[in-house]
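Worksheet: one structure, shown below.
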Amino acid sequence: MLAPPRGPGTSAATHCLSGRTPTPRVLAQAQLHSFTTAFWWSAAVFALGLVCVGPLYRTRKASAPAAQNSEEATAIHL
């Protein structure tokens with residue numbers, strides 16, 4: 001499962017708060033833990049996208065061959 005229904009950040013905050021008295025310091029710590037977890041999950045998704053899409057890009061050749069006549073010189077090849 002890629003993303004839990006509540007999201008990884010909410011799950012992290014809930015896990016951080018379980019068994020603790022909700023004081024302002026504990027709530028701030030849980031919120032920070034939630035943000036950090038959500039950030040790392042999103043970074044992992046972007047890294048996975050980079051790994052999957054990166055090989056699809058074609059690289060250009062180092063040098064293009066010289067044109068033989070004027071018609072080839074004006075042609076644009078994509």
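Order determines the names: the first chain of the structure tokens is A, the second B, and so forth; residues in each chain are numbered 1 upward, and ligands are numbered 1 upward as they are shown.
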
Residues of range 12-71 of chain A in helix (DSSP H, G or I), written as a ChimeraX atom specification:
/A:12-17,24-56,70-71

Store the residues of this selection in a file with C-alpha atoms, as a PDB file, in the first residue's frame.
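Output below, filename part-v1.pdb:
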ATOM      1  CA  ALA A  12       3.455   9.427  12.913  1.00  0.00           C
ATOM      2  CA  ALA A  13       1.810  12.087  15.095  1.00  0.00           C
ATOM      3  CA  THR A  14      -0.644   9.553  16.530  1.00  0.00           C
ATOM      4  CA  HIS A  15       2.180   7.125  17.268  1.00  0.00           C
ATOM      5  CA  CYS A  16       4.225   9.890  18.902  1.00  0.00           C
ATOM      6  CA  LEU A  17       1.281  10.904  21.133  1.00  0.00           C
ATOM      7  CA  PRO A  24       2.190  21.732  24.737  1.00  0.00           C
ATOM      8  CA  ARG A  25       5.736  20.380  24.462  1.00  0.00           C
ATOM      9  CA  VAL A  26       4.564  16.867  23.560  1.00  0.00           C
ATOM     10  CA  LEU A  27       2.090  18.278  21.017  1.00  0.00           C
ATOM     11  CA  ALA A  28       4.848  20.365  19.409  1.00  0.00           C
ATOM     12  CA  GLN A  29       7.143  17.324  19.311  1.00  0.00           C
ATOM     13  CA  ALA A  30       4.393  15.229  17.676  1.00  0.00           C
ATOM     14  CA  GLN A  31       3.720  17.947  15.114  1.00  0.00           C
ATOM     15  CA  LEU A  32       7.404  18.198  14.240  1.00  0.00           C
ATOM     16  CA  HIS A  33       7.632  14.421  13.946  1.00  0.00           C
ATOM     17  CA  SER A  34       4.560  14.470  11.678  1.00  0.00           C
ATOM     18  CA  PHE A  35       6.066  17.111   9.373  1.00  0.00           C
ATOM     19  CA  THR A  36       9.401  15.299   9.222  1.00  0.00           C
ATOM     20  CA  THR A  37       7.746  11.984   8.380  1.00  0.00           C
ATOM     21  CA  ALA A  38       5.580  13.574   5.671  1.00  0.00           C
ATOM     22  CA  PHE A  39       8.652  15.286   4.183  1.00  0.00           C
ATOM     23  CA  TRP A  40      10.658  12.051   3.978  1.00  0.00           C
ATOM     24  CA  TRP A  41       7.716  10.169   2.445  1.00  0.00           C
ATOM     25  CA  SER A  42       7.315  12.826  -0.243  1.00  0.00           C
ATOM     26  CA  ALA A  43      11.078  12.843  -0.878  1.00  0.00           C
ATOM     27  CA  ALA A  44      10.961   9.065  -1.319  1.00  0.00           C
ATOM     28  CA  VAL A  45       8.098   9.354  -3.818  1.00  0.00           C
ATOM     29  CA  PHE A  46      10.024  11.942  -5.850  1.00  0.00           C
ATOM     30  CA  ALA A  47      13.180   9.801  -5.752  1.00  0.00           C
ATOM     31  CA  LEU A  48      11.197   6.800  -6.956  1.00  0.00           C
ATOM     32  CA  GLY A  49       9.809   8.920  -9.788  1.00  0.00           C
ATOM     33  CA  LEU A  50      13.328   9.996 -10.716  1.00  0.00           C
ATOM     34  CA  VAL A  51      14.516   6.403 -10.816  1.00  0.00           C
ATOM     35  CA  CYS A  52      11.527   5.330 -12.943  1.00  0.00           C
ATOM     36  CA  VAL A  53      11.514   8.257 -15.376  1.00  0.00           C
ATOM     37  CA  GLY A  54      15.239   9.021 -15.581  1.00  0.00           C
ATOM     38  CA  PRO A  55      16.093   6.175 -17.986  1.00  0.00           C
ATOM     39  CA  LEU A  56      13.356   7.340 -20.379  1.00  0.00           C
ATOM     40  CA  SER A  70      21.924  23.698 -48.076  1.00  0.00           C
ATOM     41  CA  GLU A  71      18.601  21.799 -47.760  1.00  0.00           C
TER      42      GLU A  71
END
